[in-house]
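Contents: one structure, followed by commentary.
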Amino acid sequence: ISRDGIVGGENHIVDPAWADREIADVPGPAIRSAFVLENALDGYIVRDDRVAHHVAGVRLADGSTTGSRKILLIDFTPMQPYVLMKPAA
C-alpha cells in the first residue's frame, strides 16, 4: 500500500519447485518475474498452486531515520461445488 524511507523488498516469482529455498539458490531460468512495488497501491496477482513467491528484506534508505512498508495480502480460496440434498422421506 505504501513505503517510506526504505530500500529493498524485491519480489521474485519463481517455479514452485523452488518454494522454501533461498532466492540465491534459484537458477535464473526458474525466476519468472522480479520487481519492486514502489508506488501506492502497486500490486500483483499469482496462482499459489503454480508459483512460489520470495521477497527480499528492506532496510532504511540513506539519510532516513525511520521507515515503513505497508502491504495488504488478499487470498482467495477456489469455490467448490456444493450440492444440497433433500432429506430422505
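Chain labels follow the order of the C-alpha cells: the first chain is A, the next B, and so on; residue numbering restarts at 1 in every chain, and ligands are counted from 1 in their shown order.
When the distance limit is 12 Å and only C-alpha atoms are what count, the residues near segment 76-87 of chain A, minus those fewer than 5 positions from it on the same chain, are A:Ile45, A:Val46, A:Arg47, A:Asp48, A:Asp49.
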Among chain A, which ones does DSSP place in strand (DSSP E), written as number ranges by chain? A: 2-4, 6-8, 11-14, 31-35, 52-55, 58-60, 68-70
Residues near Pro16 of chain A, anyone? I mean within 8 Å using only C-alpha atoms, not counting same-chain ones fewer than 6 positions away, as a VMD selection string. chain A and resid 49 to 52
Would you kindly return, as a PyMOL selection string, each protein, DNA or RNA residue with an atom no farther than 7 Å from any atom of segment 9-12 of chain A, considering only C-alpha atoms and excluding same-chain residues fewer than 5 positions away? chain A and resi 31+33-36+53-58
When DSSP works through the backbone of this structure, what residues of chain A end up as helix (DSSP H, G or I), shown as JSON, numbers by chain? {"A": [16, 17, 18, 23, 24, 25, 28, 29, 30]}
Write a file of the just-selected residues containing N, CA and C atoms, as a PDB file, in the first residue's frame.
```
ATOM      1  N   PRO A  16       7.418 -23.359  -8.744  1.00  0.00           N
ATOM      2  CA  PRO A  16       7.054 -23.882  -7.421  1.00  0.00           C
ATOM      3  C   PRO A  16       8.065 -24.868  -6.837  1.00  0.00           C
ATOM      4  N   ALA A  17       8.875 -25.480  -7.664  1.00  0.00           N
ATOM      5  CA  ALA A  17       9.895 -26.410  -7.150  1.00  0.00           C
ATOM      6  C   ALA A  17      10.886 -25.699  -6.234  1.00  0.00           C
ATOM      7  N   TRP A  18      10.944 -24.364  -6.295  1.00  0.00           N
ATOM      8  CA  TRP A  18      11.912 -23.590  -5.518  1.00  0.00           C
ATOM      9  C   TRP A  18      11.288 -22.930  -4.290  1.00  0.00           C
ATOM     10  N   ILE A  23      16.429 -17.356  -2.254  1.00  0.00           N
ATOM     11  CA  ILE A  23      16.370 -16.858  -3.638  1.00  0.00           C
ATOM     12  C   ILE A  23      17.740 -16.971  -4.301  1.00  0.00           C
ATOM     13  N   ALA A  24      18.823 -16.880  -3.539  1.00  0.00           N
ATOM     14  CA  ALA A  24      20.170 -17.015  -4.114  1.00  0.00           C
ATOM     15  C   ALA A  24      20.401 -18.406  -4.697  1.00  0.00           C
ATOM     16  N   ASP A  25      19.630 -19.410  -4.251  1.00  0.00           N
ATOM     17  CA  ASP A  25      19.770 -20.773  -4.759  1.00  0.00           C
ATOM     18  C   ASP A  25      18.959 -21.024  -6.030  1.00  0.00           C
ATOM     19  N   GLY A  28      18.525 -18.744 -12.589  1.00  0.00           N
ATOM     20  CA  GLY A  28      17.884 -17.698 -13.392  1.00  0.00           C
ATOM     21  C   GLY A  28      16.670 -18.142 -14.188  1.00  0.00           C
ATOM     22  N   PRO A  29      16.747 -19.274 -14.919  1.00  0.00           N
ATOM     23  CA  PRO A  29      15.588 -19.688 -15.721  1.00  0.00           C
ATOM     24  C   PRO A  29      14.346 -20.009 -14.889  1.00  0.00           C
ATOM     25  N   ALA A  30      14.502 -20.283 -13.593  1.00  0.00           N
ATOM     26  CA  ALA A  30      13.352 -20.611 -12.739  1.00  0.00           C
ATOM     27  C   ALA A  30      12.674 -19.352 -12.191  1.00  0.00           C
TER      28      ALA A  30
END
```
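Reported to one decimal place, the separation of atom CA of Gly63 of chain A from atom CA of Ala40 of chain A is 21.5 Å.
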I'd like the interatomic distance between atom CA of Val14 of chain A and atom CA of Arg32 of chain A, to a tenth of an Å. 5.2 Å
